[in-house]
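Colleague: Before I ask anything, let me first share the structure, which is written out below as structure tokens.
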Amino acid sequence: MLAAELHGKVAANEDILTSHVFSIFRYISDLSIPLAFLSCARNLHNQALSLDSLAEAEVVFWPRFSLRGGSRWREADALLRLTDAQGRRVAVVVEAKCHSGLSNVPGGGVGGEEKSPEDDLARSTFGHQLADEFCGIKCGDWQGLEHPLKPGEARFLIYVTQHYEMPRPELEEAVTEITKRPCQGPDCRLHAENSIYWVSWRDLHGVLSQGNRLKYCNHGQGRLLGDLRQVLEARGLMRYSLSLSRLATPGAYERICQYGFWSRLVSVGTYEGPFHQDSTPGAQAKC
């Protein structure tokens, strides 16, 4: 699929990019590489997502969940199940955007038809996409998971976009929405500001550009990550930095700083516009 995108054979949409990036949790033996990407995530207090070294990772693409036992559902882009060397588990729901905005739904009209009276209660919770997904990872019912979420499992939401800086208004709106909601499970309102994170696709390009991170990958995995970096570059998803390599040597800038340089400048006189006429008696018009 990476080769197909690089050769223009598939549409470069958000779902394809999500598949490219988060599939590396499945196919790369050195989990420190995708972990380095997740560690670039920050919450509203500018705190990094603190994750220990990973022993195991599972990724589920486009899982569905419902809130408060209702039949209405949302679909997240990915759900990561991460396990460290001590056996501690972390669940991370991923909402990935590139050029589109959040799928917020006024009035809570999300997914399918109403099928039960509980949907009247669900309608009061659905709406803001990030708020829905945060409540989903905290106390939602997830469909089709091989290993159900456990009560003591740490849970976070990561919002991935193309921005250079955090889109704070969207995260702040989600937190505000969460504080208005009743919660039957663990109190989501107490943890929202600290547990909703943002990271840029551009941060992954920075990770993949560090050659030392690829030294433990075999040849095939290195080629895969190299292709992924090219895809990010083709989509313009990298961070730009000022290069000093093209600046001239200091000698080229020394002349204006030399003693007497400005004193040697000569006045060009008063500017005469194209319609100026000499008022001297006997003067003739100049051509």
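By order in the structure tokens, chains are A, B, ...; within a chain, residues start at 1; ligands start at 1, following the order shown.
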DSSP on the backbone: which residues in stretch 2-175 of chain A end up as helix (DSSP H, G or I)? Give the answer as a PDB file with N, CA and C atoms, in the first residue's frame.
Modeller:
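What ended up in states.pdb:
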ATOM      1  N   LEU A   2       1.992   1.234   0.725  1.00  0.00           N
ATOM      2  CA  LEU A   2       2.894   2.384   0.713  1.00  0.00           C
ATOM      3  C   LEU A   2       3.397   2.658  -0.703  1.00  0.00           C
ATOM      4  N   ALA A   3       3.805   1.597  -1.397  1.00  0.00           N
ATOM      5  CA  ALA A   3       4.293   1.762  -2.768  1.00  0.00           C
ATOM      6  C   ALA A   3       3.194   2.294  -3.674  1.00  0.00           C
ATOM      7  N   ALA A   4       1.970   1.812  -3.470  1.00  0.00           N
ATOM      8  CA  ALA A   4       0.859   2.271  -4.298  1.00  0.00           C
ATOM      9  C   ALA A   4       0.628   3.768  -4.125  1.00  0.00           C
ATOM     10  N   GLU A   5       0.721   4.263  -2.901  1.00  0.00           N
ATOM     11  CA  GLU A   5       0.542   5.702  -2.697  1.00  0.00           C
ATOM     12  C   GLU A   5       1.697   6.492  -3.284  1.00  0.00           C
ATOM     13  N   LEU A   6       2.914   5.995  -3.101  1.00  0.00           N
ATOM     14  CA  LEU A   6       4.075   6.708  -3.631  1.00  0.00           C
ATOM     15  C   LEU A   6       4.021   6.817  -5.154  1.00  0.00           C
ATOM     16  N   GLU A  14      -7.270  10.247   4.750  1.00  0.00           N
ATOM     17  CA  GLU A  14      -6.914  10.093   6.162  1.00  0.00           C
ATOM     18  C   GLU A  14      -6.879   8.639   6.595  1.00  0.00           C
ATOM     19  N   ASP A  15      -7.820   7.838   6.108  1.00  0.00           N
ATOM     20  CA  ASP A  15      -7.852   6.435   6.519  1.00  0.00           C
ATOM     21  C   ASP A  15      -6.612   5.690   6.042  1.00  0.00           C
ATOM     22  N   ILE A  16      -6.162   5.990   4.822  1.00  0.00           N
ATOM     23  CA  ILE A  16      -4.949   5.353   4.310  1.00  0.00           C
ATOM     24  C   ILE A  16      -3.749   5.755   5.161  1.00  0.00           C
ATOM     25  N   LEU A  17      -3.647   7.033   5.495  1.00  0.00           N
ATOM     26  CA  LEU A  17      -2.534   7.502   6.322  1.00  0.00           C
ATOM     27  C   LEU A  17      -2.578   6.843   7.698  1.00  0.00           C
ATOM     28  N   THR A  18      -3.751   6.757   8.298  1.00  0.00           N
ATOM     29  CA  THR A  18      -3.885   6.105   9.603  1.00  0.00           C
ATOM     30  C   THR A  18      -3.414   4.660   9.533  1.00  0.00           C
ATOM     31  N   SER A  19      -3.809   3.962   8.471  1.00  0.00           N
ATOM     32  CA  SER A  19      -3.385   2.576   8.295  1.00  0.00           C
ATOM     33  C   SER A  19      -1.873   2.475   8.139  1.00  0.00           C
ATOM     34  N   HIS A  20      -1.290   3.362   7.306  1.00  0.00           N
ATOM     35  CA  HIS A  20       0.168   3.366   7.118  1.00  0.00           C
ATOM     36  C   HIS A  20       0.891   3.490   8.456  1.00  0.00           C
ATOM     37  N   VAL A  21       0.497   4.485   9.232  1.00  0.00           N
ATOM     38  CA  VAL A  21       1.265   4.857  10.426  1.00  0.00           C
ATOM     39  C   VAL A  21       1.075   3.855  11.552  1.00  0.00           C
ATOM     40  N   PHE A  22      -0.160   3.541  11.885  1.00  0.00           N
ATOM     41  CA  PHE A  22      -0.377   2.721  13.074  1.00  0.00           C
ATOM     42  C   PHE A  22      -0.202   1.232  12.815  1.00  0.00           C
ATOM     43  N   ILE A  24       2.565   0.147  11.898  1.00  0.00           N
ATOM     44  CA  ILE A  24       3.937  -0.153  12.326  1.00  0.00           C
ATOM     45  C   ILE A  24       3.955  -0.770  13.723  1.00  0.00           C
ATOM     46  N   PHE A  25       2.886  -0.589  14.522  1.00  0.00           N
ATOM     47  CA  PHE A  25       2.805  -1.296  15.790  1.00  0.00           C
ATOM     48  C   PHE A  25       2.712  -2.807  15.573  1.00  0.00           C
ATOM     49  N   ARG A  26       2.232  -3.209  14.399  1.00  0.00           N
ATOM     50  CA  ARG A  26       2.124  -4.627  14.072  1.00  0.00           C
ATOM     51  C   ARG A  26       3.376  -5.193  13.438  1.00  0.00           C
ATOM     52  N   TYR A  27       4.044  -4.378  12.612  1.00  0.00           N
ATOM     53  CA  TYR A  27       5.060  -4.926  11.714  1.00  0.00           C
ATOM     54  C   TYR A  27       6.502  -4.588  12.091  1.00  0.00           C
ATOM     55  N   SER A  32      10.218   0.811  20.134  1.00  0.00           N
ATOM     56  CA  SER A  32      10.644   2.139  20.592  1.00  0.00           C
ATOM     57  C   SER A  32      10.410   3.196  19.513  1.00  0.00           C
ATOM     58  N   ILE A  33      10.298   2.782  18.250  1.00  0.00           N
ATOM     59  CA  ILE A  33      10.088   3.746  17.166  1.00  0.00           C
ATOM     60  C   ILE A  33       8.671   4.310  17.207  1.00  0.00           C
ATOM     61  N   PRO A  34       7.609   3.487  17.166  1.00  0.00           N
ATOM     62  CA  PRO A  34       6.279   4.080  17.318  1.00  0.00           C
ATOM     63  C   PRO A  34       6.060   4.699  18.692  1.00  0.00           C
ATOM     64  N   LEU A  35       6.730   4.150  19.728  1.00  0.00           N
ATOM     65  CA  LEU A  35       6.606   4.734  21.065  1.00  0.00           C
ATOM     66  C   LEU A  35       7.177   6.144  21.097  1.00  0.00           C
ATOM     67  N   ALA A  36       8.273   6.383  20.366  1.00  0.00           N
ATOM     68  CA  ALA A  36       8.856   7.724  20.304  1.00  0.00           C
ATOM     69  C   ALA A  36       7.883   8.712  19.688  1.00  0.00           C
ATOM     70  N   PHE A  37       7.104   8.260  18.715  1.00  0.00           N
ATOM     71  CA  PHE A  37       6.087   9.107  18.102  1.00  0.00           C
ATOM     72  C   PHE A  37       4.998   9.452  19.119  1.00  0.00           C
ATOM     73  N   LEU A  38       4.473   8.465  19.828  1.00  0.00           N
ATOM     74  CA  LEU A  38       3.435   8.717  20.823  1.00  0.00           C
ATOM     75  C   LEU A  38       3.951   9.603  21.952  1.00  0.00           C
ATOM     76  N   PRO A 106     -24.522  17.909  16.012  1.00  0.00           N
ATOM     77  CA  PRO A 106     -25.487  18.652  16.827  1.00  0.00           C
ATOM     78  C   PRO A 106     -26.653  17.777  17.240  1.00  0.00           C
ATOM     79  N   GLY A 107     -27.018  17.843  18.488  1.00  0.00           N
ATOM     80  CA  GLY A 107     -28.173  17.093  18.960  1.00  0.00           C
ATOM     81  C   GLY A 107     -27.933  15.623  19.179  1.00  0.00           C
ATOM     82  N   GLY A 108     -26.695  15.165  18.963  1.00  0.00           N
ATOM     83  CA  GLY A 108     -26.376  13.781  19.268  1.00  0.00           C
ATOM     84  C   GLY A 108     -26.864  12.763  18.261  1.00  0.00           C
ATOM     85  N   GLU A 118     -33.102   3.528  25.862  1.00  0.00           N
ATOM     86  CA  GLU A 118     -31.834   4.036  26.399  1.00  0.00           C
ATOM     87  C   GLU A 118     -31.214   5.086  25.476  1.00  0.00           C
ATOM     88  N   ASP A 119     -31.650   5.127  24.219  1.00  0.00           N
ATOM     89  CA  ASP A 119     -31.078   6.099  23.290  1.00  0.00           C
ATOM     90  C   ASP A 119     -31.431   7.535  23.670  1.00  0.00           C
ATOM     91  N   ASP A 120     -32.549   7.724  24.390  1.00  0.00           N
ATOM     92  CA  ASP A 120     -32.871   9.073  24.859  1.00  0.00           C
ATOM     93  C   ASP A 120     -31.791   9.582  25.790  1.00  0.00           C
ATOM     94  N   LEU A 121     -31.244   8.670  26.597  1.00  0.00           N
ATOM     95  CA  LEU A 121     -30.151   9.028  27.491  1.00  0.00           C
ATOM     96  C   LEU A 121     -28.857   9.192  26.700  1.00  0.00           C
ATOM     97  N   ALA A 122     -28.633   8.332  25.720  1.00  0.00           N
ATOM     98  CA  ALA A 122     -27.410   8.416  24.913  1.00  0.00           C
ATOM     99  C   ALA A 122     -27.359   9.706  24.125  1.00  0.00           C
ATOM    100  N   ARG A 123     -28.552  10.203  23.700  1.00  0.00           N
ATOM    101  CA  ARG A 123     -28.588  11.425  22.899  1.00  0.00           C
ATOM    102  C   ARG A 123     -28.002  12.605  23.669  1.00  0.00           C
ATOM    103  N   GLN A 129     -16.955  15.114  18.837  1.00  0.00           N
ATOM    104  CA  GLN A 129     -16.285  13.851  18.523  1.00  0.00           C
ATOM    105  C   GLN A 129     -15.218  13.481  19.546  1.00  0.00           C
ATOM    106  N   LEU A 130     -14.358  14.421  19.929  1.00  0.00           N
ATOM    107  CA  LEU A 130     -13.312  14.105  20.899  1.00  0.00           C
ATOM    108  C   LEU A 130     -13.902  13.789  22.266  1.00  0.00           C
ATOM    109  N   ALA A 131     -14.931  14.531  22.664  1.00  0.00           N
ATOM    110  CA  ALA A 131     -15.577  14.254  23.940  1.00  0.00           C
ATOM    111  C   ALA A 131     -16.197  12.863  23.933  1.00  0.00           C
ATOM    112  N   ASP A 132     -16.847  12.502  22.835  1.00  0.00           N
ATOM    113  CA  ASP A 132     -17.450  11.176  22.737  1.00  0.00           C
ATOM    114  C   ASP A 132     -16.389  10.089  22.861  1.00  0.00           C
ATOM    115  N   GLU A 133     -15.270  10.266  22.172  1.00  0.00           N
ATOM    116  CA  GLU A 133     -14.240   9.229  22.182  1.00  0.00           C
ATOM    117  C   GLU A 133     -13.527   9.149  23.519  1.00  0.00           C
ATOM    118  N   PHE A 134     -13.393  10.281  24.199  1.00  0.00           N
ATOM    119  CA  PHE A 134     -12.795  10.228  25.531  1.00  0.00           C
ATOM    120  C   PHE A 134     -13.717   9.489  26.501  1.00  0.00           C
ATOM    121  N   CYS A 135     -14.994   9.819  26.469  1.00  0.00           N
ATOM    122  CA  CYS A 135     -15.943   9.101  27.319  1.00  0.00           C
ATOM    123  C   CYS A 135     -16.018   7.629  26.914  1.00  0.00           C
ATOM    124  N   GLY A 136     -15.842   7.368  25.621  1.00  0.00           N
ATOM    125  CA  GLY A 136     -15.851   5.988  25.154  1.00  0.00           C
ATOM    126  C   GLY A 136     -14.712   5.177  25.723  1.00  0.00           C
ATOM    127  N   ILE A 137     -13.494   5.740  25.726  1.00  0.00           N
ATOM    128  CA  ILE A 137     -12.353   4.982  26.245  1.00  0.00           C
ATOM    129  C   ILE A 137     -12.417   4.861  27.759  1.00  0.00           C
ATOM    130  N   LYS A 138     -13.075   5.819  28.408  1.00  0.00           N
ATOM    131  CA  LYS A 138     -13.173   5.765  29.860  1.00  0.00           C
ATOM    132  C   LYS A 138     -14.250   4.796  30.338  1.00  0.00           C
ATOM    133  N   CYS A 139     -15.426   4.847  29.719  1.00  0.00           N
ATOM    134  CA  CYS A 139     -16.520   4.014  30.243  1.00  0.00           C
ATOM    135  C   CYS A 139     -17.479   3.542  29.166  1.00  0.00           C
ATOM    136  N   ARG A 168      -5.539  24.029  20.209  1.00  0.00           N
ATOM    137  CA  ARG A 168      -6.069  24.099  21.573  1.00  0.00           C
ATOM    138  C   ARG A 168      -7.583  24.283  21.641  1.00  0.00           C
ATOM    139  N   PRO A 169      -8.179  25.132  20.785  1.00  0.00           N
ATOM    140  CA  PRO A 169      -9.636  25.311  20.891  1.00  0.00           C
ATOM    141  C   PRO A 169     -10.413  24.004  20.795  1.00  0.00           C
ATOM    142  N   GLU A 170      -9.989  23.092  19.935  1.00  0.00           N
ATOM    143  CA  GLU A 170     -10.708  21.837  19.769  1.00  0.00           C
ATOM    144  C   GLU A 170     -10.590  20.966  21.015  1.00  0.00           C
ATOM    145  N   LEU A 171      -9.410  20.949  21.637  1.00  0.00           N
ATOM    146  CA  LEU A 171      -9.239  20.175  22.869  1.00  0.00           C
ATOM    147  C   LEU A 171      -9.991  20.820  24.026  1.00  0.00           C
ATOM    148  N   GLU A 172      -9.948  22.150  24.081  1.00  0.00           N
ATOM    149  CA  GLU A 172     -10.654  22.849  25.153  1.00  0.00           C
ATOM    150  C   GLU A 172     -12.162  22.683  25.027  1.00  0.00           C
ATOM    151  N   GLU A 173     -12.673  22.697  23.798  1.00  0.00           N
ATOM    152  CA  GLU A 173     -14.107  22.471  23.583  1.00  0.00           C
ATOM    153  C   GLU A 173     -14.498  21.073  24.061  1.00  0.00           C
ATOM    154  N   ALA A 174     -13.635  20.090  23.794  1.00  0.00           N
ATOM    155  CA  ALA A 174     -13.920  18.724  24.227  1.00  0.00           C
ATOM    156  C   ALA A 174     -13.989  18.642  25.744  1.00  0.00           C
ATOM    157  N   VAL A 175     -13.033  19.276  26.423  1.00  0.00           N
ATOM    158  CA  VAL A 175     -13.022  19.259  27.894  1.00  0.00           C
ATOM    159  C   VAL A 175     -14.272  19.933  28.435  1.00  0.00           C
TER     160      VAL A 175
END
Colleague: Go ahead and compute the interatomic distance for atom CA of A:Gly144 and atom CA of A:Ser50, in Å to one decimal.
Modeller: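 These two atoms are separated by 28.0 Å.
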Colleague: Pick the closest to A:Ser200 from A:Arg64, A:Arg239, A:Arg155, A:Arg74: which is it, counting only C-alpha atoms?
Modeller: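 When distances to A:Ser200 are compared using only C-alpha atoms, the smallest one comes from A:Arg239.
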Colleague: Could you tell me how far atom CA of A:Glu193 sits from atom CA of A:Thr179, in Å to one decimal place?
Modeller: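 Calculated distance between atom CA of A:Thr179 and atom CA of A:Glu193 is 10.2 Å.
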Colleague: Which distance in Å separates atom CA of A:Asn194 and atom CA of A:Leu208, to one decimal?
Modeller: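 For atom CA of A:Asn194 relative to atom CA of A:Leu208, the distance reads 27.3 Å.
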Colleague: For A:Val92, which residue out of A:Cys40, A:Lys180, A:Arg213, A:Ala57 is the nearest one, using only C-alpha atoms?
Modeller: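 Comparing A:Cys40, A:Lys180, A:Arg213, A:Ala57 against A:Val92, the winner is A:Ala57.
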Colleague: Nearest to A:Ser29: which of A:Leu54, A:Ile158, A:Leu67, A:Leu228 is it, counting only C-alpha atoms?
Modeller: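 The answer is A:Leu54, which sits nearest to A:Ser29.
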Colleague: Of the residues A:Ile196, A:Ala85, A:Val160, A:Met1, which is the one nearest to A:Asp227, using only C-alpha atoms?
Modeller: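 Smallest distance to A:Asp227 is found for A:Met1.
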